[in-house]
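Trainee: I am attaching a structure below and will ask some questions about it afterwards.
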There are 2 protein chains.
Amino acid sequence: MKTIQEIGELAVAAKRSLAKLTTEEKNNILVAAANALRENSKIIIEANNLDVANAKENGIKASLIDRLTLDLNRIEGMADGLEQVAKLPDPIGEVINMKTLPNGLTVGQKRVPMGVIGIIYEARPNVTSDAFGLCLKAGSAAILRGGKEAINSNTEVIKLFREVISSMGYDENIVQLIEDTSRESSTAMMRMNGYIDVLIPRGGAGLIQSVIQNSTVPVIETGVGNCHVFIDESADIDKGVAIIVNAKAQRPSVCNAAETLLVHKNIAADFLPKAATALREKNVELRCDEIAAKYVGDCVPATESDWATEFLDYILAVKVVNDFDEALEHIVKYSTGHSEAIVSENYTNCQRFLNEVDSAAVYVNASTRFTDGNEFGFGAEIGISTQKLHARGPMGLKELTTTKYIIYGNGQIRK
Amino acid sequence: MKTIQEIGELAVAAKRSLAKLTTEEKNNILVAAANALRENSKIIIEANNLDVANAKENGIKASLIDRLTLDLNRIEGMADGLEQVAKLPDPIGEVINMKTLPNGLTVGQKRVPMGVIGIIYEARPNVTSDAFGLCLKAGSAAILRGGKEAINSNTEVIKLFREVISSMGYDENIVQLIEDTSRESSTAMMRMNGYIDVLIPRGGAGLIQSVIQNSTVPVIETGVGNCHVFIDESADIDKGVAIIVNAKAQRPSVCNAAETLLVHKNIAADFLPKAATALREKNVELRCDEIAAKYVGDCVPATESDWATEFLDYILAVKVVNDFDEALEHIVKYSTGHSEAIVSENYTNCQRFLNEVDSAAVYVNASTRFTDGNEFGFGAEIGISTQKLHARGPMGLKELTTTKYIIYGNGQIRK
């Protein structure tokens, strides 16, 4: 097994050859990798069976085992994902803001690869394939460090990809898997300044916090979403019910699902009984403050910690607020800066919400579930950034690149 | 004296009111602050005299004392800088990439303030004024932590600014100085996740490395520049001499000054004697490899560490290379990714240099000294980023902002 240091050195060597590949060459690798997944689905599923058996033996909970499990459908999804990335426009090489200065220098910013991208993730083996595809298309070498639960699946998938790359005459180290799944390997990766240009954690709040606290390599923080929907006094009630049901229950396990519903007191009597009925039809447990409980009927009393919790489950905290400002203050206090929505027909309140809510995605009259690279039309997504540096919101190919200034001169010197 | 925690809380409270200020209001504060500097120059210089006296007592070296010293000219420079920032276009509020999705949602990215920006810097008190002006115009609250050498000057300048802000009816905590200049206050600042959105160190390599190693707040790495000029076989010799003399000696103490000269062996006999004469006229010490020494005559032998050193002085390392590729390999090995230049009339080599050198600014036939926000036409600069995340190269107002997605819907829910 290679050391982290060796993996870093191989990635740095590989990034230079990768940066020179044409779009066509990168696309050919992606298509070949997709075919390799399909042709070797049996071997991948065998490796995955080992992971699943180990997980069951270790008493891993059912929802995690579901995320871990690969079948023909999911492998087809991975292959299809790589082909989709091949079809996306290549972000590399674009030159922006090019202009000629008074002294005749021509200066522009050229979009170039990051170099080496590190991804630390948990139990989903499909992230292995997605991350490889996006990093490759963005022109960067990838160092992947998946969870120990998926190690057999990940090892098999990366082995396949590296064989494909090597057989096409390219440097297989444009993608590497860290097979050591100890905590030490993860920490070592976070300290690889000079080798890894950016580190992206994908997973639960614990993983993300650990990377933020320990990494000296620049990090893009992803994902934790304590998202709010605010039903303003003037809301269209049918739209409001549809939006909160969608935001909460269409897929509760993801970061853009709503966790708290705020309702203006003047619409609570009309809105909450209808919303409660619709949410209960989707088996959503309601945790209400005292006033909301009056309109909702049988429900769990909300505690202070409920306002701060990303349930990722069929649970919704519900609060009645006195006015727009109280809703705003609640969001300022508890939001993780992911996605928030207002449902309102009041022009000024809609504009204030868009201006004053400081989150990666701020919605008027739409579900928070749209915060997603595919929904926003990027074609693919490596994660959703909840930090303000570099990328904020869904990250597509462009967010995996950087720029450099290129300057064409004719002997200019500074005066 | 407030604790770091209290300062953080006050900044978070202040950022919300600051984000609502119009461009006109921000400009009025900047102009008033500039006038306050001029009107109180005597008090500022008195405070600065204390700092200078302390520095002399502590045996601080002359070049640092020069950076620390304020006189009427320098205070006018600070005031003028604030007025220049007032004249720059406001980056806040611009909406980019706005489009309507197939489902009717209208999605765009709105440029918004970072929130709270932390700046850690060393002995130059003019950074206090510059950083305040840029952060304010970019809509963010600033927490400034200057060096202990300048504490009296910084305290006086910030006191003035806060009085101006407060007298105009705004929250004075949009700018705060950390008056505790202990190492502990600096470390505490680096751990203020949730309060400070980005931390920018400005100073020497030691300070920057300390921030990178210890900060859990996202950092923009600035400044260290081991910059190279490569004289290719086909270079115009006069242009080459002018460029290396300018890049090295026009202002050797700054990060975009050249530190190593690489010369193609086939032009060395014609180029190096002329370059050496011109550089010696500027009192530049040459540290040469064996082959370069033959053409340069009396010089210091270069050691391995010279190739890796940012001299920031009238010293230049000189090496003769066999070909373009050897020059490229040398740059890959020793560059800090700041600024590199090729002097060449060969089209292919110029294009290869632009493509293959992985630095923030890559030049053809021009001096590396142009890597500067003012030279690039930004009007002002907070530093030069040598990292790949968020900003790369000179950072102006735009690089001090972030974006958020704003989404206008009409009841859309995700299918």
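All residue names refer to the structure tokens as shown: chains lettered A, B, ... in order, residues numbered from 1 in each chain, ligands numbered from 1 in order.
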Please return, as a VMD selection string, all residues of chain A lying within 7 Å of chain B when only C-alpha atoms are considered.

Mentor: chain A and resid 114 197 212 to 213 216 239 243 246 354 359 to 367 369 to 370 388 to 390 392 to 393 402 to 414

Trainee: Report as a PyMOL selection string all protein, DNA and RNA residues lying within 9 Å of stretch 201-203 of chain B, evaluated on only C-alpha atoms, omitting residues in the same chain fewer than 2 positions from it.

Mentor: chain B and resi 118-123+127+199+205-208+211-212+219-224+382-383

Trainee: Could I have chain A as a CSV table (one decimal) with C-alpha atoms, in the first residue's frame after it is superimposed on chain B by least squares, pairing all C-alpha atoms in sequence order?

Mentor:
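Result file part30.csv:
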chain,number,residue,atom,x,y,z
A,1,MET,CA,-10.4,45.7,26.4
A,2,LYS,CA,-13.0,43.6,24.7
A,3,THR,CA,-12.5,39.8,24.3
A,4,ILE,CA,-12.1,38.3,20.9
A,5,GLN,CA,-15.5,36.7,21.4
A,6,GLU,CA,-17.2,40.0,22.1
A,7,ILE,CA,-15.5,41.6,19.1
A,8,GLY,CA,-16.8,38.7,16.9
A,9,GLU,CA,-20.3,39.2,18.2
A,10,LEU,CA,-20.2,42.9,17.6
A,11,ALA,CA,-19.0,42.4,14.1
A,12,VAL,CA,-21.8,39.9,13.3
A,13,ALA,CA,-24.3,42.4,14.6
A,14,ALA,CA,-22.8,45.2,12.6
A,15,LYS,CA,-22.5,43.3,9.3
A,16,ARG,CA,-26.3,43.3,8.9
A,17,SER,CA,-26.7,47.0,9.1
A,18,LEU,CA,-23.6,47.5,6.9
A,19,ALA,CA,-25.1,45.2,4.2
A,20,LYS,CA,-28.1,47.5,3.9
A,21,LEU,CA,-26.1,50.7,3.3
A,22,THR,CA,-26.4,52.3,-0.1
A,23,THR,CA,-23.3,52.9,-2.2
A,24,GLU,CA,-23.7,56.6,-1.5
A,25,GLU,CA,-23.7,56.0,2.2
A,26,LYS,CA,-20.6,53.9,2.1
A,27,ASN,CA,-18.8,56.5,-0.1
A,28,ASN,CA,-19.8,59.3,2.3
A,29,ILE,CA,-18.2,57.4,5.2
A,30,LEU,CA,-15.0,56.8,3.1
A,31,VAL,CA,-14.7,60.5,2.3
A,32,ALA,CA,-15.4,61.6,5.9
A,33,ALA,CA,-12.8,59.1,7.1
A,34,ALA,CA,-10.2,60.5,4.6
A,35,ASN,CA,-10.9,64.0,5.9
A,36,ALA,CA,-10.6,62.8,9.5
A,37,LEU,CA,-7.2,61.4,8.7
A,38,ARG,CA,-6.0,64.8,7.3
A,39,GLU,CA,-7.5,66.8,10.1
A,40,ASN,CA,-6.0,64.7,12.8
A,41,SER,CA,-2.6,64.0,11.2
A,42,LYS,CA,-0.8,65.6,14.1
A,43,ILE,CA,-2.4,63.2,16.6
A,44,ILE,CA,-1.7,60.2,14.4
A,45,ILE,CA,1.9,61.2,14.0
A,46,GLU,CA,2.3,61.6,17.7
A,47,ALA,CA,0.9,58.1,18.3
A,48,ASN,CA,3.2,56.9,15.5
A,49,ASN,CA,6.2,58.6,17.1
A,50,LEU,CA,5.6,56.4,20.2
A,51,ASP,CA,5.6,53.3,18.0
A,52,VAL,CA,8.8,54.4,16.2
A,53,ALA,CA,10.5,55.2,19.5
A,54,ASN,CA,9.6,51.8,20.9
A,55,ALA,CA,10.8,50.1,17.7
A,56,LYS,CA,14.2,51.8,17.9
A,57,GLU,CA,14.5,50.9,21.6
A,58,ASN,CA,13.8,47.3,20.7
A,59,GLY,CA,16.4,47.3,18.0
A,60,ILE,CA,14.0,46.8,15.1
A,61,LYS,CA,15.9,47.0,11.8
A,62,ALA,CA,15.9,50.2,9.7
A,63,SER,CA,13.8,48.9,6.8
A,64,LEU,CA,11.0,47.9,9.2
A,65,ILE,CA,11.1,51.2,11.0
A,66,ASP,CA,10.8,52.9,7.6
A,67,ARG,CA,7.6,50.8,6.9
A,68,LEU,CA,6.3,51.7,10.3
A,69,THR,CA,6.9,55.5,10.1
A,70,LEU,CA,4.1,57.9,9.2
A,71,ASP,CA,4.5,61.4,8.1
A,72,LEU,CA,2.2,64.0,6.5
A,73,ASN,CA,2.9,62.5,3.0
A,74,ARG,CA,2.0,59.0,4.0
A,75,ILE,CA,-1.1,60.1,5.9
A,76,GLU,CA,-2.1,62.0,2.8
A,77,GLY,CA,-1.5,58.8,0.9
A,78,MET,CA,-3.9,56.9,3.2
A,79,ALA,CA,-6.6,59.6,2.9
A,80,ASP,CA,-6.2,59.6,-0.9
A,81,GLY,CA,-6.5,55.8,-0.9
A,82,LEU,CA,-9.9,56.0,0.9
A,83,GLU,CA,-11.1,58.6,-1.6
A,84,GLN,CA,-10.0,56.4,-4.5
A,85,VAL,CA,-12.0,53.5,-3.1
A,86,ALA,CA,-15.0,55.8,-2.8
A,87,LYS,CA,-14.7,56.5,-6.5
A,88,LEU,CA,-14.6,52.8,-7.5
A,89,PRO,CA,-17.8,51.1,-8.7
A,90,ASP,CA,-19.6,49.2,-5.9
A,91,PRO,CA,-19.3,45.5,-6.5
A,92,ILE,CA,-22.4,44.7,-4.4
A,93,GLY,CA,-25.7,43.9,-5.9
A,94,GLU,CA,-24.6,42.8,-9.4
A,95,VAL,CA,-26.6,39.8,-10.6
A,96,ILE,CA,-24.8,37.4,-12.9
A,97,ASN,CA,-25.8,34.4,-14.9
A,98,MET,CA,-29.5,35.0,-14.4
A,99,LYS,CA,-31.7,32.7,-16.5
A,100,THR,CA,-35.1,31.1,-16.6
A,101,LEU,CA,-35.1,27.3,-16.2
A,102,PRO,CA,-37.5,25.1,-18.2
A,103,ASN,CA,-39.8,24.9,-15.1
A,104,GLY,CA,-40.2,28.7,-15.1
A,105,LEU,CA,-37.9,29.3,-12.1
A,106,THR,CA,-35.7,32.4,-12.6
A,107,VAL,CA,-32.2,31.7,-11.0
A,108,GLY,CA,-29.3,34.1,-10.8
A,109,GLN,CA,-26.2,34.8,-8.6
A,110,LYS,CA,-26.3,38.0,-6.7
A,111,ARG,CA,-23.0,39.6,-5.6
A,112,VAL,CA,-23.3,40.1,-1.8
A,113,PRO,CA,-20.9,41.0,1.0
A,114,MET,CA,-18.7,38.3,2.7
A,115,GLY,CA,-20.0,39.4,6.1
A,116,VAL,CA,-17.0,39.7,8.3
A,117,ILE,CA,-13.5,39.9,7.0
A,118,GLY,CA,-10.5,39.4,9.3
A,119,ILE,CA,-7.1,40.8,8.3
A,120,ILE,CA,-3.9,39.9,10.2
A,121,TYR,CA,-1.0,42.1,9.2
A,122,GLU,CA,2.4,43.4,10.4
A,123,ALA,CA,4.1,46.7,10.9
A,124,ARG,CA,2.6,49.0,8.2
A,125,PRO,CA,0.0,51.3,9.7
A,126,ASN,CA,-1.3,52.2,6.3
A,127,VAL,CA,-2.7,48.7,5.9
A,128,THR,CA,-5.2,49.7,8.7
A,129,SER,CA,-6.6,52.4,6.6
A,130,ASP,CA,-6.5,50.5,3.3
A,131,ALA,CA,-8.2,47.4,4.7
A,132,PHE,CA,-10.9,49.4,6.4
A,133,GLY,CA,-11.7,51.2,3.1
A,134,LEU,CA,-11.8,48.1,1.0
A,135,CYS,CA,-13.9,46.0,3.4
A,136,LEU,CA,-16.3,48.8,3.9
A,137,LYS,CA,-16.8,49.4,0.2
A,138,ALA,CA,-17.2,45.6,-0.3
A,139,GLY,CA,-20.0,45.7,2.4
A,140,SER,CA,-18.2,43.6,5.0
A,141,ALA,CA,-17.4,44.4,8.6
A,142,ALA,CA,-13.7,44.3,9.3
A,143,ILE,CA,-11.8,42.9,12.2
A,144,LEU,CA,-8.2,44.1,12.0
A,145,ARG,CA,-5.3,42.7,13.9
A,146,GLY,CA,-2.1,44.6,13.2
A,147,GLY,CA,1.4,44.0,14.6
A,148,LYS,CA,2.4,45.1,18.0
A,149,GLU,CA,5.0,47.5,16.6
A,150,ALA,CA,2.2,49.7,15.2
A,151,ILE,CA,-0.3,49.4,18.0
A,152,ASN,CA,-0.4,53.0,19.0
A,153,SER,CA,-0.7,54.2,15.4
A,154,ASN,CA,-3.4,51.6,14.6
A,155,THR,CA,-5.4,52.4,17.7
A,156,GLU,CA,-5.4,56.1,16.9
A,157,VAL,CA,-6.5,55.6,13.3
A,158,ILE,CA,-9.3,53.1,14.1
A,159,LYS,CA,-10.5,55.4,17.0
A,160,LEU,CA,-10.8,58.2,14.4
A,161,PHE,CA,-12.7,56.0,11.9
A,162,ARG,CA,-15.1,54.7,14.5
A,163,GLU,CA,-15.8,58.3,15.7
A,164,VAL,CA,-16.6,59.3,12.1
A,165,ILE,CA,-18.9,56.3,11.6
A,166,SER,CA,-20.7,56.8,14.9
A,167,SER,CA,-21.1,60.5,14.3
A,168,MET,CA,-22.8,59.8,11.0
A,169,GLY,CA,-25.3,57.6,12.7
A,170,TYR,CA,-23.9,54.2,11.7
A,171,ASP,CA,-22.7,51.2,13.8
A,172,GLU,CA,-19.1,51.9,14.6
A,173,ASN,CA,-18.4,48.2,14.9
A,174,ILE,CA,-18.3,47.9,11.1
A,175,VAL,CA,-14.6,48.3,11.9
A,176,GLN,CA,-12.8,47.0,14.9
A,177,LEU,CA,-9.2,46.7,15.9
A,178,ILE,CA,-7.9,43.8,18.1
A,179,GLU,CA,-5.8,45.8,20.6
A,180,ASP,CA,-4.5,42.7,22.3
A,181,THR,CA,-1.4,41.9,20.2
A,182,SER,CA,-0.4,38.7,21.9
A,183,ARG,CA,0.0,35.5,20.0
A,184,GLU,CA,-3.2,34.2,21.8
A,185,SER,CA,-5.4,36.9,20.3
A,186,SER,CA,-4.1,36.0,16.9
A,187,THR,CA,-4.8,32.3,17.4
A,188,ALA,CA,-8.2,33.0,18.8
A,189,MET,CA,-9.0,35.0,15.7
A,190,MET,CA,-8.1,32.1,13.5
A,191,ARG,CA,-10.7,29.9,15.2
A,192,MET,CA,-13.6,32.3,14.9
A,193,ASN,CA,-15.7,30.1,12.6
A,194,GLY,CA,-19.2,31.4,12.5
A,195,TYR,CA,-18.1,34.9,13.1
A,196,ILE,CA,-15.3,35.6,10.6
A,197,ASP,CA,-16.1,34.5,7.0
A,198,VAL,CA,-12.6,34.8,5.6
A,199,LEU,CA,-9.2,35.6,7.0
A,200,ILE,CA,-6.5,37.4,5.0
A,201,PRO,CA,-2.9,37.5,6.3
A,202,ARG,CA,-0.8,40.2,4.9
A,203,GLY,CA,2.9,40.1,5.7
A,204,GLY,CA,6.0,37.9,5.6
A,205,ALA,CA,6.2,34.1,5.0
A,206,GLY,CA,6.2,33.4,8.7
A,207,LEU,CA,2.9,35.1,9.4
A,208,ILE,CA,1.3,33.6,6.3
A,209,GLN,CA,2.4,30.0,7.2
A,210,SER,CA,1.2,30.5,10.8
A,211,VAL,CA,-2.2,31.5,9.6
A,212,ILE,CA,-2.5,28.6,7.1
A,213,GLN,CA,-1.4,26.1,9.8
A,214,ASN,CA,-3.6,27.3,12.5
A,215,SER,CA,-6.7,28.8,11.0
A,216,THR,CA,-10.0,26.9,10.9
A,217,VAL,CA,-11.6,30.0,9.3
A,218,PRO,CA,-11.2,29.9,5.5
A,219,VAL,CA,-8.0,31.7,4.6
A,220,ILE,CA,-6.8,33.5,1.4
A,221,GLU,CA,-3.1,32.9,1.2
A,222,THR,CA,-1.2,35.9,0.0
A,223,GLY,CA,2.0,37.1,-1.2
A,224,VAL,CA,5.1,35.0,-1.1
A,225,GLY,CA,6.8,35.4,-4.5
A,226,ASN,CA,9.8,33.5,-5.6
A,227,CYS,CA,9.4,34.9,-9.2
A,228,HIS,CA,11.3,33.9,-12.3
A,229,VAL,CA,12.3,35.6,-15.5
A,230,PHE,CA,13.3,33.2,-18.3
A,231,ILE,CA,15.4,34.6,-21.2
A,232,ASP,CA,14.6,32.2,-24.1
A,233,GLU,CA,17.0,31.5,-27.0
A,234,SER,CA,15.1,33.9,-29.3
A,235,ALA,CA,14.7,36.7,-26.8
A,236,ASP,CA,15.1,40.3,-27.9
A,237,ILE,CA,18.2,41.1,-25.8
A,238,ASP,CA,17.4,44.8,-25.1
A,239,LYS,CA,13.9,43.9,-23.9
A,240,GLY,CA,15.3,41.1,-21.8
A,241,VAL,CA,17.8,43.3,-20.1
A,242,ALA,CA,15.2,46.0,-19.4
A,243,ILE,CA,12.7,43.5,-18.1
A,244,ILE,CA,15.1,41.7,-15.7
A,245,VAL,CA,16.5,45.0,-14.4
A,246,ASN,CA,12.9,46.3,-13.8
A,247,ALA,CA,11.7,43.0,-12.3
A,248,LYS,CA,14.6,42.8,-9.9
A,249,ALA,CA,15.6,46.3,-9.1
A,250,GLN,CA,12.7,48.7,-9.5
A,251,ARG,CA,11.5,47.7,-6.0
A,252,PRO,CA,13.2,44.6,-4.7
A,253,SER,CA,11.3,44.5,-1.4
A,254,VAL,CA,7.9,43.5,-2.9
A,255,CYS,CA,6.5,40.1,-3.7
A,256,ASN,CA,6.3,40.6,-7.5
A,257,ALA,CA,10.0,41.3,-7.8
A,258,ALA,CA,12.1,38.7,-9.6
A,259,GLU,CA,14.4,36.5,-7.6
A,260,THR,CA,15.8,34.1,-10.2
A,261,LEU,CA,17.0,34.7,-13.8
A,262,LEU,CA,17.1,31.7,-16.1
A,263,VAL,CA,18.9,32.1,-19.4
A,264,HIS,CA,18.9,29.7,-22.4
A,265,LYS,CA,22.5,28.5,-23.0
A,266,ASN,CA,22.4,29.7,-26.7
A,267,ILE,CA,21.9,33.3,-25.8
A,268,ALA,CA,23.8,33.4,-22.5
A,269,ALA,CA,27.1,34.7,-24.1
A,270,ASP,CA,25.3,37.6,-25.7
A,271,PHE,CA,22.8,38.3,-23.0
A,272,LEU,CA,24.4,37.7,-19.6
A,273,PRO,CA,27.4,40.2,-19.9
A,274,LYS,CA,24.9,43.0,-20.8
A,275,ALA,CA,22.4,42.0,-18.1
A,276,ALA,CA,25.2,41.8,-15.5
A,277,THR,CA,26.4,45.3,-16.3
A,278,ALA,CA,22.9,46.7,-16.1
A,279,LEU,CA,22.1,44.9,-12.9
A,280,ARG,CA,25.3,45.9,-11.2
A,281,GLU,CA,24.6,49.5,-12.0
A,282,LYS,CA,21.5,49.0,-9.8
A,283,ASN,CA,23.8,47.4,-7.1
A,284,VAL,CA,22.3,44.0,-7.6
A,285,GLU,CA,24.4,41.1,-6.2
A,286,LEU,CA,24.5,38.1,-8.6
A,287,ARG,CA,24.5,34.5,-7.4
A,288,CYS,CA,25.4,32.4,-10.3
A,289,ASP,CA,25.6,28.7,-11.3
A,290,GLU,CA,28.9,27.7,-12.8
A,291,ILE,CA,28.1,28.3,-16.4
A,292,ALA,CA,26.5,31.7,-15.7
A,293,ALA,CA,29.5,32.7,-13.7
A,294,LYS,CA,31.7,32.3,-16.8
A,295,TYR,CA,29.7,35.1,-18.6
A,296,VAL,CA,29.0,37.3,-15.6
A,297,GLY,CA,32.5,37.4,-14.2
A,298,ASP,CA,33.0,38.3,-10.6
A,299,CYS,CA,30.0,36.9,-8.7
A,300,VAL,CA,28.9,34.8,-5.8
A,301,PRO,CA,28.4,31.0,-6.4
A,302,ALA,CA,24.7,30.1,-6.1
A,303,THR,CA,23.7,27.5,-3.6
A,304,GLU,CA,20.7,25.1,-3.7
A,305,SER,CA,18.9,27.4,-1.1
A,306,ASP,CA,19.3,30.4,-3.4
A,307,TRP,CA,17.0,28.9,-5.9
A,308,ALA,CA,14.3,28.6,-3.3
A,309,THR,CA,14.8,32.0,-1.6
A,310,GLU,CA,12.6,35.1,-1.9
A,311,PHE,CA,15.4,37.6,-1.3
A,312,LEU,CA,13.3,40.7,-1.3
A,313,ASP,CA,16.6,42.5,-1.7
A,314,TYR,CA,19.2,43.5,-4.3
A,315,ILE,CA,20.2,39.9,-4.9
A,316,LEU,CA,19.4,37.8,-7.9
A,317,ALA,CA,20.1,34.1,-8.5
A,318,VAL,CA,21.2,33.3,-12.1
A,319,LYS,CA,21.2,30.0,-13.9
A,320,VAL,CA,21.9,28.9,-17.5
A,321,VAL,CA,19.6,26.2,-18.7
A,322,ASN,CA,20.0,23.9,-21.7
A,323,ASP,CA,16.5,24.4,-23.1
A,324,PHE,CA,13.0,25.5,-22.6
A,325,ASP,CA,12.1,22.3,-20.7
A,326,GLU,CA,14.8,22.7,-18.2
A,327,ALA,CA,13.6,26.3,-17.5
A,328,LEU,CA,10.1,25.0,-17.0
A,329,GLU,CA,11.2,22.2,-14.7
A,330,HIS,CA,13.2,24.7,-12.6
A,331,ILE,CA,10.2,26.9,-12.3
A,332,VAL,CA,7.9,23.9,-11.4
A,333,LYS,CA,10.4,22.9,-8.7
A,334,TYR,CA,11.1,26.3,-7.1
A,335,SER,CA,8.2,28.7,-7.9
A,336,THR,CA,5.8,29.8,-5.2
A,337,GLY,CA,3.1,30.3,-7.9
A,338,HIS,CA,3.2,34.1,-7.9
A,339,SER,CA,4.5,35.6,-11.1
A,340,GLU,CA,6.8,34.3,-13.8
A,341,ALA,CA,7.9,35.8,-17.2
A,342,ILE,CA,9.3,34.5,-20.4
A,343,VAL,CA,11.2,36.8,-22.8
A,344,SER,CA,11.0,35.2,-26.2
A,345,GLU,CA,10.2,35.8,-29.8
A,346,ASN,CA,9.3,32.2,-30.4
A,347,TYR,CA,5.5,31.8,-30.7
A,348,THR,CA,5.3,28.2,-29.6
A,349,ASN,CA,7.5,28.7,-26.5
A,350,CYS,CA,5.5,31.8,-25.5
A,351,GLN,CA,2.2,29.8,-25.8
A,352,ARG,CA,3.8,26.8,-23.9
A,353,PHE,CA,5.0,29.1,-21.1
A,354,LEU,CA,1.5,30.7,-20.8
A,355,ASN,CA,-0.1,27.2,-20.7
A,356,GLU,CA,2.3,25.2,-18.7
A,357,VAL,CA,3.5,27.6,-16.0
A,358,ASP,CA,1.0,27.2,-13.1
A,359,SER,CA,1.3,30.6,-11.4
A,360,ALA,CA,-1.1,33.3,-10.5
A,361,ALA,CA,0.3,35.6,-13.2
A,362,VAL,CA,2.2,34.4,-16.3
A,363,TYR,CA,3.9,37.0,-18.5
A,364,VAL,CA,5.2,37.1,-22.0
A,365,ASN,CA,7.7,39.9,-22.7
A,366,ALA,CA,6.9,42.0,-19.7
A,367,SER,CA,8.1,42.6,-16.1
A,368,THR,CA,6.7,40.6,-13.2
A,369,ARG,CA,6.3,43.9,-11.4
A,370,PHE,CA,2.9,44.4,-13.0
A,371,THR,CA,1.2,41.8,-10.8
A,372,ASP,CA,-0.6,44.4,-8.8
A,373,GLY,CA,-4.3,45.5,-8.4
A,374,ASN,CA,-3.6,49.0,-9.4
A,375,GLU,CA,-1.6,48.0,-12.5
A,376,PHE,CA,-4.3,45.6,-13.5
A,377,GLY,CA,-6.9,48.4,-13.3
A,378,PHE,CA,-8.7,47.3,-10.2
A,379,GLY,CA,-8.1,50.7,-8.6
A,380,ALA,CA,-7.1,49.1,-5.3
A,381,GLU,CA,-5.8,45.9,-3.9
A,382,ILE,CA,-6.0,44.0,-0.6
A,383,GLY,CA,-3.2,41.6,-1.5
A,384,ILE,CA,-2.1,39.1,-4.1
A,385,SER,CA,-3.5,35.6,-3.7
A,386,THR,CA,-1.1,32.7,-4.4
A,387,GLN,CA,-3.7,30.0,-3.7
A,388,LYS,CA,-6.2,28.6,-6.2
A,389,LEU,CA,-9.4,28.9,-4.2
A,390,HIS,CA,-11.7,31.9,-4.6
A,391,ALA,CA,-9.1,34.4,-5.9
A,392,ARG,CA,-5.8,34.0,-7.6
A,393,GLY,CA,-3.6,37.0,-8.3
A,394,PRO,CA,-4.3,40.6,-7.3
A,395,MET,CA,-7.4,40.9,-5.2
A,396,GLY,CA,-9.6,43.9,-5.7
A,397,LEU,CA,-13.1,44.7,-4.3
A,398,LYS,CA,-14.8,41.9,-6.2
A,399,GLU,CA,-12.6,39.3,-4.6
A,400,LEU,CA,-13.7,40.6,-1.2
A,401,THR,CA,-17.3,39.6,-2.0
A,402,THR,CA,-19.3,36.4,-2.5
A,403,THR,CA,-22.5,35.5,-4.3
A,404,LYS,CA,-25.7,33.9,-3.3
A,405,TYR,CA,-28.3,32.3,-5.6
A,406,ILE,CA,-31.6,34.1,-5.7
A,407,ILE,CA,-34.6,32.3,-7.1
A,408,TYR,CA,-37.9,33.8,-8.2
A,409,GLY,CA,-40.7,31.1,-8.3
A,410,ASN,CA,-44.4,30.9,-8.8
A,411,GLY,CA,-45.2,27.9,-6.7
A,412,GLN,CA,-42.7,25.5,-8.3
A,413,ILE,CA,-42.1,22.2,-6.5
A,414,ARG,CA,-39.5,19.5,-7.4
A,415,LYS,CA,-40.8,16.4,-9.2

Trainee: As a compact mmCIF listing (two decimals) with C-alpha atoms, in the first residue's frame, please: all residues of stretch 117-216 of chain A that backbone DSSP puts in alpha helix (DSSP H).

Mentor:
# COMPACT_ATOMS: atom_id res chain seq x y z
CA ASN A 126 -21.30 6.07 -6.42
CA VAL A 127 -19.46 9.17 -5.14
CA THR A 128 -16.24 7.42 -6.23
CA SER A 129 -17.40 7.38 -9.81
CA ASP A 130 -19.00 10.85 -9.79
CA ALA A 131 -15.95 12.51 -8.20
CA PHE A 132 -13.59 10.84 -10.65
CA GLY A 133 -15.64 12.02 -13.62
CA LEU A 134 -16.02 15.62 -12.49
CA CYS A 135 -12.37 16.02 -11.45
CA LEU A 136 -11.17 14.51 -14.73
CA LYS A 137 -13.36 16.74 -16.87
CA ILE A 151 -13.63 0.03 0.71
CA ASN A 152 -14.08 -3.15 -1.35
CA SER A 153 -16.48 -1.48 -3.78
CA ASN A 154 -14.31 1.63 -4.09
CA THR A 155 -11.13 -0.35 -4.61
CA GLU A 156 -12.74 -2.34 -7.41
CA VAL A 157 -14.17 0.71 -9.16
CA ILE A 158 -10.91 2.68 -9.01
CA LYS A 159 -8.91 -0.36 -10.15
CA LEU A 160 -11.15 -0.52 -13.22
CA PHE A 161 -10.80 3.19 -13.97
CA ARG A 162 -7.03 3.08 -13.62
CA GLU A 163 -6.83 0.08 -15.97
CA VAL A 164 -8.92 1.95 -18.54
CA ILE A 165 -6.74 5.06 -18.27
CA SER A 166 -3.51 3.12 -18.46
CA SER A 167 -4.70 1.04 -21.42
CA ARG A 183 -8.32 8.13 10.88
CA GLU A 184 -4.58 8.77 10.41
CA SER A 185 -4.80 8.58 6.63
CA SER A 186 -7.60 11.07 6.67
CA THR A 187 -5.68 13.50 8.89
CA ALA A 188 -2.55 13.11 6.80
CA MET A 189 -4.55 14.00 3.71
CA MET A 190 -5.78 17.20 5.36
CA ALA A 205 -21.93 17.13 9.78
CA GLY A 206 -19.35 15.18 11.81
CA LEU A 207 -17.12 14.50 8.81
CA ILE A 208 -17.40 18.08 7.57
CA GLN A 209 -16.56 19.58 10.96
CA SER A 210 -13.60 17.26 11.35
CA VAL A 211 -12.19 18.41 8.01
CA ILE A 212 -12.76 22.10 8.79
CA GLN A 213 -11.09 21.77 12.18
CA ASN A 214 -8.09 19.77 11.01
